[in-house]
$ cat run.cif   # mmCIF, C-alpha atoms and all ligand atoms
data_data
loop_
_atom_site.label_atom_id
_atom_site.label_comp_id
_atom_site.auth_asym_id
_atom_site.auth_seq_id
_atom_site.Cartn_x
_atom_site.Cartn_y
_atom_site.Cartn_z
CA MET A 1 0.00 0.00 0.00
CA THR A 2 1.31 3.43 -0.85
CA THR A 3 0.41 6.71 0.76
CA LYS A 4 0.44 10.18 -0.73
CA GLN A 5 2.32 13.08 0.82
CA HIS A 6 0.27 15.55 2.86
CA THR A 7 0.47 19.15 3.94
CA LEU A 8 -1.79 21.21 6.23
CA GLY A 9 -5.16 22.44 4.99
CA LYS A 10 -4.36 25.91 6.37
CA SER A 11 -1.74 27.75 8.41
CA CYS A 12 -1.58 27.38 12.21
CA THR A 13 -0.05 30.05 14.45
CA PHE A 14 1.32 29.51 17.98
CA THR A 15 2.61 32.11 20.41
CA GLY A 16 4.43 31.41 23.65
CA LYS A 17 7.74 31.29 25.45
CA GLY A 18 10.76 29.16 24.69
CA LEU A 19 11.48 26.64 27.47
CA HIS A 20 15.21 27.40 27.62
CA THR A 21 15.55 30.97 26.33
CA GLY A 22 12.34 32.23 27.97
CA ALA A 23 11.93 34.45 24.86
CA THR A 24 8.45 35.12 23.46
CA VAL A 25 8.04 33.69 19.98
CA THR A 26 5.34 33.67 17.33
CA MET A 27 5.50 30.67 15.05
CA THR A 28 3.36 29.88 12.00
CA VAL A 29 3.23 26.45 10.39
CA MET A 30 2.26 26.96 6.74
CA PRO A 31 1.31 24.53 3.98
CA ALA A 32 4.09 23.73 1.49
CA GLY A 33 4.43 21.87 -1.81
CA VAL A 34 5.37 18.31 -2.64
CA ASP A 35 8.88 17.18 -1.56
CA HIS A 36 9.42 20.43 0.39
CA GLY A 37 9.87 18.62 3.71
CA ILE A 38 9.87 20.60 6.95
CA VAL A 39 11.86 23.84 6.83
CA PHE A 40 12.18 26.51 9.54
CA GLN A 41 12.50 30.16 8.57
CA ARG A 42 13.90 32.72 11.05
CA GLU A 43 11.99 35.94 10.29
CA ASP A 44 14.16 37.79 12.84
CA LEU A 45 17.28 36.86 10.82
CA GLY A 46 16.04 38.11 7.46
CA GLY A 47 14.36 34.82 6.54
CA LYS A 48 17.37 32.52 6.98
CA ARG A 49 16.28 28.90 6.65
CA VAL A 50 17.12 25.74 8.59
CA ARG A 51 15.94 22.41 7.21
CA ALA A 52 14.65 19.82 9.69
CA CYS A 53 17.25 17.17 8.90
CA ILE A 54 19.62 15.02 10.90
CA ALA A 55 22.74 16.61 9.34
CA ASN A 56 21.72 19.96 10.90
CA VAL A 57 21.73 18.74 14.53
CA SER A 58 24.27 20.83 16.44
CA GLY A 59 23.22 20.44 20.08
CA THR A 60 21.26 18.00 22.21
CA ARG A 61 21.45 19.34 25.75
CA ARG A 62 17.90 19.11 27.13
CA SER A 63 16.46 19.83 23.66
CA THR A 64 17.39 19.38 20.02
CA LEU A 65 19.17 22.32 18.39
CA LEU A 66 19.43 22.63 14.59
CA ARG A 67 21.89 24.85 12.77
CA SER A 68 22.41 25.92 9.17
CA GLY A 69 25.15 28.53 8.77
CA GLU A 70 24.52 31.26 11.35
CA ALA A 71 20.87 30.37 11.86
CA THR A 72 19.78 28.09 14.69
CA VAL A 73 16.43 26.69 15.78
CA ARG A 74 16.02 25.23 19.24
CA THR A 75 13.65 22.70 20.81
CA THR A 76 12.24 21.33 17.56
CA GLU A 77 11.23 17.92 18.90
CA HIS A 78 7.63 18.45 20.03
CA LEU A 79 6.47 20.13 16.80
CA LEU A 80 8.31 17.61 14.60
CA SER A 81 6.88 14.73 16.64
CA ALA A 82 3.30 15.94 16.06
CA MET A 83 3.99 16.53 12.37
CA LEU A 84 5.43 13.08 11.79
CA ALA A 85 2.81 11.23 13.81
CA MET A 86 -0.10 13.21 12.33
CA GLY A 87 1.17 12.73 8.76
CA VAL A 88 2.32 16.27 7.86
CA ASP A 89 5.12 15.76 5.28
CA ASN A 90 5.54 19.29 3.97
CA ALA A 91 5.45 22.61 5.82
CA LEU A 92 7.25 25.93 6.12
CA VAL A 93 7.59 27.00 9.77
CA THR A 94 8.26 30.71 10.28
CA LEU A 95 9.35 31.99 13.68
CA ASP A 96 10.62 35.31 15.05
CA SER A 97 13.01 33.97 17.70
CA GLU A 98 15.42 31.06 18.08
CA GLU A 99 13.35 28.70 20.17
CA LEU A 100 9.96 27.13 19.44
CA PRO A 101 7.26 27.85 22.06
CA ILE A 102 7.00 25.28 24.85
CA LEU A 103 3.23 25.94 25.18
CA ASP A 104 1.95 23.49 27.83
CA GLY A 105 5.08 21.30 27.65
CA SER A 106 3.37 18.72 25.43
CA ALA A 107 2.56 18.35 21.72
CA ALA A 108 -1.23 18.51 22.30
CA PRO A 109 -1.64 22.12 21.05
CA TYR A 110 0.06 21.11 17.77
CA ALA A 111 -1.92 17.88 17.39
CA GLN A 112 -5.23 19.66 18.05
CA ALA A 113 -4.40 22.52 15.66
CA PHE A 114 -3.45 20.06 12.90
CA LEU A 115 -6.68 18.12 13.43
CA GLN A 116 -8.63 21.39 13.08
CA ALA A 117 -6.67 22.57 10.04
CA GLY A 118 -7.07 19.21 8.33
CA LEU A 119 -4.61 17.58 5.95
CA LEU A 120 -4.38 18.14 2.21
CA GLU A 121 -3.42 15.15 0.08
CA GLN A 122 -0.68 15.94 -2.45
CA PRO A 123 -0.03 14.37 -5.86
CA SER A 124 3.15 12.51 -4.95
CA GLU A 125 3.99 9.33 -3.02
CA ARG A 126 5.29 9.54 0.54
CA ARG A 127 8.77 8.08 0.93
CA TYR A 128 9.46 5.76 3.87
CA ILE A 129 12.80 4.94 5.41
CA GLU A 130 13.09 1.16 5.72
CA ILE A 131 15.41 -0.20 8.40
CA PRO A 132 17.49 -2.65 6.37
CA ARG A 133 18.93 -4.74 9.20
CA ARG A 134 19.32 -4.71 12.98
CA LEU A 135 21.30 -1.66 14.08
CA VAL A 136 22.24 -0.91 17.68
CA CYS A 137 23.27 2.47 19.06
CA ARG A 138 24.68 2.69 22.60
CA GLY A 139 25.30 5.68 24.85
CA LEU A 140 29.00 6.44 25.31
CA PHE A 141 28.86 7.22 29.01
CA SER A 142 25.45 5.80 29.90
CA SER A 143 23.44 2.59 29.73
CA SER A 144 21.15 4.15 27.08
CA ARG A 145 20.53 1.99 24.04
CA ILE A 146 18.45 2.19 20.87
CA VAL A 147 17.83 -0.91 18.74
CA MET A 148 16.48 -0.43 15.19
CA GLU A 149 15.09 -3.51 13.44
CA PRO A 150 13.28 -4.24 10.18
CA SER A 151 9.50 -4.56 10.45
CA SER A 152 6.54 -4.09 8.11
CA GLU A 153 4.98 -1.67 10.60
CA THR A 154 6.34 1.32 12.48
CA VAL A 155 6.69 0.87 16.23
CA PHE A 156 8.47 3.05 18.79
CA ASP A 157 8.88 1.24 22.13
CA VAL A 158 10.40 3.27 24.97
CA THR A 159 11.53 2.26 28.46
CA ILE A 160 12.79 4.78 31.02
CA ASP A 161 14.48 4.04 34.33
CA PHE A 162 15.34 6.97 36.59
CA LYS A 163 16.03 4.86 39.68
CA SER A 164 13.79 7.25 41.56
CA LYS A 165 11.05 6.49 44.06
CA VAL A 166 8.61 8.75 42.24
CA LEU A 167 9.70 7.93 38.69
CA GLY A 168 10.94 4.36 38.31
CA VAL A 169 10.75 2.02 35.32
CA GLN A 170 8.04 3.01 32.83
CA ASN A 171 7.26 1.80 29.33
CA ALA A 172 5.31 3.40 26.48
CA LEU A 173 4.68 2.32 22.91
CA TRP A 174 3.33 3.94 19.76
CA SER A 175 2.66 2.28 16.43
CA GLU A 176 1.59 4.17 13.33
CA ASP A 177 -2.05 3.10 13.71
CA GLY A 178 -2.05 4.27 17.35
CA ASP A 179 -3.96 7.36 18.55
CA TYR A 180 -1.06 9.82 18.87
CA ALA A 181 -3.28 12.88 19.44
CA GLU A 182 -5.02 11.35 22.46
CA GLN A 183 -2.44 8.93 23.85
CA VAL A 184 0.97 10.56 23.28
CA ALA A 185 0.64 14.26 22.38
CA PRO A 186 -0.82 15.42 25.77
CA CYS A 187 2.20 14.13 27.75
CA ARG A 188 4.34 16.89 29.23
CA THR A 189 8.06 17.34 29.54
CA PHE A 190 9.52 16.79 33.01
CA CYS A 191 12.54 17.35 35.21
CA PHE A 192 13.64 16.74 38.80
CA LEU A 193 13.44 19.63 41.28
CA SER A 194 17.03 18.78 42.30
CA GLU A 195 18.22 19.65 38.76
CA VAL A 196 16.48 23.01 38.48
CA LYS A 197 19.25 25.08 40.11
CA ALA A 198 22.00 23.59 37.92
CA LEU A 199 19.92 23.93 34.75
CA ARG A 200 19.16 27.60 35.56
CA ALA A 201 22.87 28.19 36.29
CA ALA A 202 23.66 26.72 32.85
CA GLY A 203 21.34 29.29 31.27
CA LEU A 204 18.63 26.73 30.55
CA ILE A 205 14.90 26.44 31.42
CA LYS A 206 14.45 30.23 31.70
CA GLY A 207 10.89 29.73 30.45
CA GLY A 208 10.22 26.64 32.58
CA ALA A 209 7.26 26.69 34.99
CA LEU A 210 4.78 24.33 36.56
CA ASP A 211 2.28 25.05 33.77
CA ASN A 212 4.66 23.71 31.11
CA ALA A 213 6.59 20.92 32.84
CA LEU A 214 6.14 18.19 35.39
CA VAL A 215 8.58 18.70 38.26
CA ILE A 216 9.50 15.76 40.46
CA ASP A 217 10.39 16.39 44.09
CA GLU A 218 12.12 13.15 44.99
CA PRO A 219 11.02 11.21 47.05
CA ASN A 220 7.84 13.16 47.82
CA GLY A 221 6.05 13.28 44.48
CA TYR A 222 5.17 15.76 41.74
CA CYS A 223 5.19 19.50 42.50
CA ASN A 224 2.34 20.12 40.05
CA ASN A 225 -1.17 20.50 41.41
CA ASP A 226 -2.91 18.94 38.42
CA ALA A 227 -3.14 15.19 37.96
CA LEU A 228 -0.89 13.22 35.62
CA LYS A 229 -2.44 12.68 32.18
CA PHE A 230 -1.43 9.00 32.43
CA PRO A 231 0.38 7.04 35.17
CA ASN A 232 3.30 6.67 32.70
CA GLU A 233 3.13 10.25 31.39
CA CYS A 234 6.94 10.65 31.60
CA ALA A 235 7.63 7.56 29.46
CA ARG A 236 5.00 8.74 26.99
CA HIS A 237 6.77 12.11 26.79
CA LYS A 238 10.08 10.40 26.03
CA LEU A 239 8.18 8.50 23.33
CA LEU A 240 6.94 11.85 21.96
CA ASP A 241 10.52 13.16 21.97
CA ILE A 242 12.08 10.21 20.13
CA ILE A 243 9.38 10.34 17.43
CA GLY A 244 10.29 14.05 16.99
CA ASP A 245 14.03 13.36 16.83
CA PHE A 246 13.62 10.53 14.31
CA ALA A 247 11.48 12.90 12.18
CA LEU A 248 14.81 14.58 11.38
CA LEU A 249 15.45 11.70 8.97
CA GLY A 250 13.14 13.63 6.62
CA ALA A 251 10.63 10.80 6.14
CA PRO A 252 8.80 8.37 8.41
CA VAL A 253 10.76 5.30 9.46
CA ARG A 254 9.31 1.88 8.72
CA GLY A 255 10.61 -0.56 11.30
CA ARG A 256 10.79 -1.21 15.02
CA ILE A 257 12.67 1.18 17.28
CA THR A 258 13.23 -0.04 20.84
CA ALA A 259 14.75 2.57 23.11
CA TYR A 260 16.09 2.10 26.64
CA LYS A 261 16.64 5.36 28.54
CA PRO A 262 16.42 7.58 25.44
CA GLY A 263 17.40 11.24 25.30
CA HIS A 264 18.06 13.76 22.53
CA LYS A 265 21.74 12.85 22.30
CA ILE A 266 21.28 9.13 21.70
CA ASN A 267 18.07 9.67 19.69
CA THR A 268 19.85 11.85 17.15
CA LYS A 269 22.95 9.63 17.22
CA ALA A 270 20.81 6.58 16.37
CA ALA A 271 18.97 8.45 13.61
CA LEU A 272 22.33 9.53 12.17
CA LEU A 273 23.61 5.95 12.33
CA LEU A 274 20.56 4.81 10.34
CA ALA A 275 20.97 7.67 7.83
CA ARG A 276 24.67 6.85 7.29
CA HIS A 277 23.92 3.16 6.96
CA LEU A 278 21.35 3.87 4.24
CA LYS A 279 23.77 6.18 2.42
CA GLU A 280 26.54 3.59 2.36
CA ARG A 281 24.41 0.79 0.97
ZN ZN B 301 10.32 16.83 25.17
#

$ encode --input "run.cif" --output "structure tokens"
Amino acid sequence: MTTKQHTLGKSCTFTGKGLHTGATVTMTVMPAGVDHGIVFQREDLGGKRVRACIANVSGTRRSTLLRSGEATVRTTEHLLSAMLAMGVDNALVTLDSEELPILDGSAAPYAQAFLQAGLLEQPSERRYIEIPRRLVCRGLFSSSRIVMEPSSETVFDVTIDFKSKVLGVQNALWSEDGDYAEQVAPCRTFCFLSEVKALRAAGLIKGGALDNALVIDEPNGYCNNDALKFPNECARHKLLDIIGDFALLGAPVRGRITAYKPGHKINTKAALLLARHLKER
């Protein structure tokens, strides 16, 4: 079975603060033509463009940073996750600051906006990236591991293990026929209260707050007043993130991706390993 490429039925605009920079940003996701892919355009830098592709990854500390020449785009993973999972192949994303808005810390605002805008079928086949054989990517200084295997369906299977009383071992899984908008998109980013000081000192999470992130006060519980969206919301968020990082391959992956303790560094390293393997064949 083949599938056509799709773009959005109409533009969607989002305004908010960047999680790390704290800067206010207005971002518009606009329909684009066949084989355009996902491209960011920095309006504040005279329209300089950064393609969403794995070769442009230039930083992975607490978010994925893309660079093309002097232009950078930060924290791309939640938008790209929603685009890939909701079937948006082609879009031009304009923004007037470096970092995408964190919104409520999840991808739900994107998923809901895309559902409302609707998808437009385009007159060209969608390309899929087939995993040709078993590939394993391991963390250099961690026990993180991502296994990529051939399969006729797309499955992302994530396990996290924070060795914490509040957040222990959790698993979450998404396959391409799964309900991303309801089951994955609403899951928020998270961090430990004990990390907040160090992250702030490193110039990160300037826009972080309890309305856009789950904060874990070990061993007492979550600092947030509202209930978790799911008991395994944190694992589901890591699932959301890895889908967004693998979207940097420029087309949906067909195969099984099993990730143990994933993060942006190993996610993008694994995607690059797959991209290089395909290139060398
Ligand atoms: Zn995230």

$ closest_atom_pairs --input "run.cif" --of "chain A" --to "ligand ZN 301 (chain B)" --cutoff "10 Å" --atoms "only C-alpha atoms and all ligand atoms" --output "JSON lines"
{"residue": "A:Arg62", "atom": "CA", "partner": "B:ZN301", "partner_atom": "ZN", "distance": 8.2}
{"residue": "A:Ser63", "atom": "CA", "partner": "B:ZN301", "partner_atom": "ZN", "distance": 7.0}
{"residue": "A:Thr64", "atom": "CA", "partner": "B:ZN301", "partner_atom": "ZN", "distance": 9.1}
{"residue": "A:Thr75", "atom": "CA", "partner": "B:ZN301", "partner_atom": "ZN", "distance": 8.0}
{"residue": "A:Thr76", "atom": "CA", "partner": "B:ZN301", "partner_atom": "ZN", "distance": 9.0}
{"residue": "A:Glu77", "atom": "CA", "partner": "B:ZN301", "partner_atom": "ZN", "distance": 6.4}
{"residue": "A:His78", "atom": "CA", "partner": "B:ZN301", "partner_atom": "ZN", "distance": 6.0}
{"residue": "A:Leu79", "atom": "CA", "partner": "B:ZN301", "partner_atom": "ZN", "distance": 9.8}
{"residue": "A:Ser81", "atom": "CA", "partner": "B:ZN301", "partner_atom": "ZN", "distance": 9.4}
{"residue": "A:Ile102", "atom": "CA", "partner": "B:ZN301", "partner_atom": "ZN", "distance": 9.1}
{"residue": "A:Gly105", "atom": "CA", "partner": "B:ZN301", "partner_atom": "ZN", "distance": 7.3}
{"residue": "A:Ser106", "atom": "CA", "partner": "B:ZN301", "partner_atom": "ZN", "distance": 7.2}
{"residue": "A:Ala107", "atom": "CA", "partner": "B:ZN301", "partner_atom": "ZN", "distance": 8.6}
{"residue": "A:Cys187", "atom": "CA", "partner": "B:ZN301", "partner_atom": "ZN", "distance": 8.9}
{"residue": "A:Arg188", "atom": "CA", "partner": "B:ZN301", "partner_atom": "ZN", "distance": 7.2}
{"residue": "A:Thr189", "atom": "CA", "partner": "B:ZN301", "partner_atom": "ZN", "distance": 4.9}
{"residue": "A:Phe190", "atom": "CA", "partner": "B:ZN301", "partner_atom": "ZN", "distance": 7.9}
{"residue": "A:Ala213", "atom": "CA", "partner": "B:ZN301", "partner_atom": "ZN", "distance": 9.5}
{"residue": "A:Cys234", "atom": "CA", "partner": "B:ZN301", "partner_atom": "ZN", "distance": 9.5}
{"residue": "A:Arg236", "atom": "CA", "partner": "B:ZN301", "partner_atom": "ZN", "distance": 9.9}
{"residue": "A:His237", "atom": "CA", "partner": "B:ZN301", "partner_atom": "ZN", "distance": 6.1}
{"residue": "A:Lys238", "atom": "CA", "partner": "B:ZN301", "partner_atom": "ZN", "distance": 6.5}
{"residue": "A:Leu239", "atom": "CA", "partner": "B:ZN301", "partner_atom": "ZN", "distance": 8.8}
{"residue": "A:Leu240", "atom": "CA", "partner": "B:ZN301", "partner_atom": "ZN", "distance": 6.8}
{"residue": "A:Asp241", "atom": "CA", "partner": "B:ZN301", "partner_atom": "ZN", "distance": 4.9}
{"residue": "A:Ile242", "atom": "CA", "partner": "B:ZN301", "partner_atom": "ZN", "distance": 8.5}
{"residue": "A:Gly244", "atom": "CA", "partner": "B:ZN301", "partner_atom": "ZN", "distance": 8.6}
{"residue": "A:Asp245", "atom": "CA", "partner": "B:ZN301", "partner_atom": "ZN", "distance": 9.8}
{"residue": "A:Gly263", "atom": "CA", "partner": "B:ZN301", "partner_atom": "ZN", "distance": 9.0}
{"residue": "A:His264", "atom": "CA", "partner": "B:ZN301", "partner_atom": "ZN", "distance": 8.7}

$ closest_residue --input "run.cif" --among "A:Glu195, A:Leu66, A:Leu228, A:Leu100" --to "Ile54 (chain A)" --atoms "only C-alpha atoms"
A:Leu66

$ residues_around --input "run.cif" --residues "Glu182 (chain A)" --least-positions-apart "6" --cutoff "10 Å" --atoms "all atoms listed in the file" --output "compact mmCIF listing (two decimals) with C-alpha atoms, in the frame of the given file"
# COMPACT_ATOMS: atom_id res chain seq x y z
CA ALA A 108 -1.23 18.51 22.30
CA ALA A 111 -1.92 17.88 17.39
CA GLN A 112 -5.23 19.66 18.05

$ closest_residue --input "run.cif" --among "A:Gly250, A:Tyr222, A:Leu278, A:Glu153" --to "Ala55 (chain A)" --atoms "all atoms listed in the file"
A:Gly250

$ residues_around --input "run.cif" --residues "region 123-136 of chain A" --least-positions-apart "5" --cutoff "9 Å" --atoms "all atoms listed in the file" --output "ChimeraX atom specification"
/A:2-6,34-35,89,145-152,249-256,270,273-275,277-278

$ atom_distance --input "run.cif" --atom1 "CA of Asp161 (chain A)" --atom2 "CA of Asp226 (chain A)"
23.3 Å

$ residues_around --input "run.cif" --residues "Val169 (chain A)" --least-positions-apart "6" --cutoff "12 Å" --atoms "only C-alpha atoms" --output "list in words"
Val158, Thr159, Ile160, Asp161, Phe162, Lys163, Pro231, Asn232, Glu233, Cys234, Ala235, Tyr260 and Lys261 of chain A

$ residues_around --input "run.cif" --residues "Glu99 (chain A)" --least-positions-apart "2" --cutoff "7 Å" --atoms "only C-alpha atoms" --output "list in words"
Gly18, Thr21, Val73, Arg74, Thr75, Ser97 and Pro101 of chain A

$ closest_residue --input "run.cif" --among "A:Phe114, A:Gly208, A:Thr268, A:Ala247" --to "Leu80 (chain A)" --atoms "all atoms listed in the file"
A:Ala247

$ atom_distance --input "run.cif" --atom1 "CA of Val196 (chain A)" --atom2 "CA of Asp217 (chain A)"
10.6 Å

$ atom_distance --input "run.cif" --atom1 "CA of Cys223 (chain A)" --atom2 "CA of Ser144 (chain A)"
27.0 Å

$ closest_residue --input "run.cif" --among "A:Thr24, A:Asn224, A:Thr94, A:Thr15" --to "Val50 (chain A)" --atoms "all atoms listed in the file"
A:Thr94

$ closest_residue --input "run.cif" --among "A:Gly37, A:Gly168, A:Pro262, A:Gly203" --to "Glu218 (chain A)" --atoms "all atoms listed in the file"
A:Gly168

$ closest_residue --input "run.cif" --among "A:Arg200, A:Lys48, A:Arg61, A:His20" --to "Asn212 (chain A)" --atoms "all atoms listed in the file"
A:His20

$ residues_near_point --input "run.cif" --point "(-3.0, 21.2, 17.2)" --cutoff "10 Å" --atoms "only C-alpha atoms" --output "ChimeraX atom specification"
/A:12-14,79,82-83,86,107-118,181,185

$ build_atoms --input "run.cif" --residues "region 67-94 of chain A" --atoms "N, CA and C atoms" --output "PDB file, in the coordinates of the input"
ATOM      1  N   ARG A  67      21.129  23.705  13.272  1.00  0.00           N
ATOM      2  CA  ARG A  67      21.890  24.850  12.770  1.00  0.00           C
ATOM      3  C   ARG A  67      22.125  24.717  11.279  1.00  0.00           C
ATOM      4  N   SER A  68      22.008  25.845  10.578  1.00  0.00           N
ATOM      5  CA  SER A  68      22.410  25.920   9.170  1.00  0.00           C
ATOM      6  C   SER A  68      23.084  27.280   9.013  1.00  0.00           C
ATOM      7  N   GLY A  69      24.398  27.272   8.801  1.00  0.00           N
ATOM      8  CA  GLY A  69      25.150  28.530   8.770  1.00  0.00           C
ATOM      9  C   GLY A  69      25.039  29.225  10.108  1.00  0.00           C
ATOM     10  N   GLU A  70      24.634  30.501  10.083  1.00  0.00           N
ATOM     11  CA  GLU A  70      24.520  31.260  11.350  1.00  0.00           C
ATOM     12  C   GLU A  70      23.174  31.038  12.027  1.00  0.00           C
ATOM     13  N   ALA A  71      22.228  30.472  11.315  1.00  0.00           N
ATOM     14  CA  ALA A  71      20.870  30.370  11.860  1.00  0.00           C
ATOM     15  C   ALA A  71      20.682  29.095  12.667  1.00  0.00           C
ATOM     16  N   THR A  72      20.088  29.245  13.846  1.00  0.00           N
ATOM     17  CA  THR A  72      19.780  28.090  14.690  1.00  0.00           C
ATOM     18  C   THR A  72      18.289  28.061  15.015  1.00  0.00           C
ATOM     19  N   VAL A  73      17.811  26.878  15.313  1.00  0.00           N
ATOM     20  CA  VAL A  73      16.430  26.690  15.780  1.00  0.00           C
ATOM     21  C   VAL A  73      16.486  25.691  16.910  1.00  0.00           C
ATOM     22  N   ARG A  74      15.887  26.043  18.032  1.00  0.00           N
ATOM     23  CA  ARG A  74      16.020  25.230  19.240  1.00  0.00           C
ATOM     24  C   ARG A  74      14.700  24.593  19.656  1.00  0.00           C
ATOM     25  N   THR A  75      14.800  23.427  20.237  1.00  0.00           N
ATOM     26  CA  THR A  75      13.650  22.700  20.810  1.00  0.00           C
ATOM     27  C   THR A  75      12.613  22.409  19.709  1.00  0.00           C
ATOM     28  N   THR A  76      13.069  21.654  18.721  1.00  0.00           N
ATOM     29  CA  THR A  76      12.240  21.330  17.560  1.00  0.00           C
ATOM     30  C   THR A  76      11.403  20.061  17.767  1.00  0.00           C
ATOM     31  N   GLU A  77      11.716  19.292  18.821  1.00  0.00           N
ATOM     32  CA  GLU A  77      11.230  17.920  18.900  1.00  0.00           C
ATOM     33  C   GLU A  77       9.716  17.769  19.070  1.00  0.00           C
ATOM     34  N   HIS A  78       9.063  18.651  19.793  1.00  0.00           N
ATOM     35  CA  HIS A  78       7.630  18.450  20.030  1.00  0.00           C
ATOM     36  C   HIS A  78       6.818  18.740  18.758  1.00  0.00           C
ATOM     37  N   LEU A  79       7.161  19.812  18.058  1.00  0.00           N
ATOM     38  CA  LEU A  79       6.470  20.130  16.800  1.00  0.00           C
ATOM     39  C   LEU A  79       6.728  19.034  15.762  1.00  0.00           C
ATOM     40  N   LEU A  80       7.995  18.618  15.625  1.00  0.00           N
ATOM     41  CA  LEU A  80       8.310  17.610  14.600  1.00  0.00           C
ATOM     42  C   LEU A  80       7.662  16.269  14.930  1.00  0.00           C
ATOM     43  N   SER A  81       7.537  15.962  16.217  1.00  0.00           N
ATOM     44  CA  SER A  81       6.880  14.730  16.640  1.00  0.00           C
ATOM     45  C   SER A  81       5.416  14.738  16.173  1.00  0.00           C
ATOM     46  N   ALA A  82       4.720  15.841  16.455  1.00  0.00           N
ATOM     47  CA  ALA A  82       3.300  15.940  16.060  1.00  0.00           C
ATOM     48  C   ALA A  82       3.162  15.886  14.545  1.00  0.00           C
ATOM     49  N   MET A  83       4.078  16.537  13.836  1.00  0.00           N
ATOM     50  CA  MET A  83       3.990  16.530  12.370  1.00  0.00           C
ATOM     51  C   MET A  83       4.167  15.126  11.819  1.00  0.00           C
ATOM     52  N   LEU A  84       5.190  14.427  12.313  1.00  0.00           N
ATOM     53  CA  LEU A  84       5.430  13.080  11.790  1.00  0.00           C
ATOM     54  C   LEU A  84       4.270  12.153  12.119  1.00  0.00           C
ATOM     55  N   ALA A  85       3.840  12.178  13.390  1.00  0.00           N
ATOM     56  CA  ALA A  85       2.810  11.230  13.810  1.00  0.00           C
ATOM     57  C   ALA A  85       1.441  11.547  13.197  1.00  0.00           C
ATOM     58  N   MET A  86       1.190  12.830  12.902  1.00  0.00           N
ATOM     59  CA  MET A  86      -0.100  13.210  12.330  1.00  0.00           C
ATOM     60  C   MET A  86      -0.076  13.204  10.800  1.00  0.00           C
ATOM     61  N   GLY A  87       1.088  12.900  10.211  1.00  0.00           N
ATOM     62  CA  GLY A  87       1.170  12.730   8.760  1.00  0.00           C
ATOM     63  C   GLY A  87       1.381  14.002   7.968  1.00  0.00           C
ATOM     64  N   VAL A  88       2.011  15.025   8.593  1.00  0.00           N
ATOM     65  CA  VAL A  88       2.320  16.270   7.860  1.00  0.00           C
ATOM     66  C   VAL A  88       3.726  16.126   7.258  1.00  0.00           C
ATOM     67  N   ASP A  89       3.817  15.951   5.940  1.00  0.00           N
ATOM     68  CA  ASP A  89       5.120  15.760   5.280  1.00  0.00           C
ATOM     69  C   ASP A  89       5.791  17.073   4.921  1.00  0.00           C
ATOM     70  N   ASN A  90       4.990  18.053   4.534  1.00  0.00           N
ATOM     71  CA  ASN A  90       5.540  19.290   3.970  1.00  0.00           C
ATOM     72  C   ASN A  90       4.981  20.512   4.683  1.00  0.00           C
ATOM     73  N   ALA A  91       5.887  21.373   5.175  1.00  0.00           N
ATOM     74  CA  ALA A  91       5.450  22.610   5.820  1.00  0.00           C
ATOM     75  C   ALA A  91       6.604  23.596   5.918  1.00  0.00           C
ATOM     76  N   LEU A  92       6.284  24.870   5.850  1.00  0.00           N
ATOM     77  CA  LEU A  92       7.250  25.930   6.120  1.00  0.00           C
ATOM     78  C   LEU A  92       6.877  26.516   7.480  1.00  0.00           C
ATOM     79  N   VAL A  93       7.851  26.549   8.394  1.00  0.00           N
ATOM     80  CA  VAL A  93       7.590  27.000   9.770  1.00  0.00           C
ATOM     81  C   VAL A  93       8.331  28.307   9.989  1.00  0.00           C
ATOM     82  N   THR A  94       7.601  29.415  10.039  1.00  0.00           N
ATOM     83  CA  THR A  94       8.260  30.710  10.280  1.00  0.00           C
ATOM     84  C   THR A  94       8.236  30.993  11.774  1.00  0.00           C
TER      85      THR A  94
END
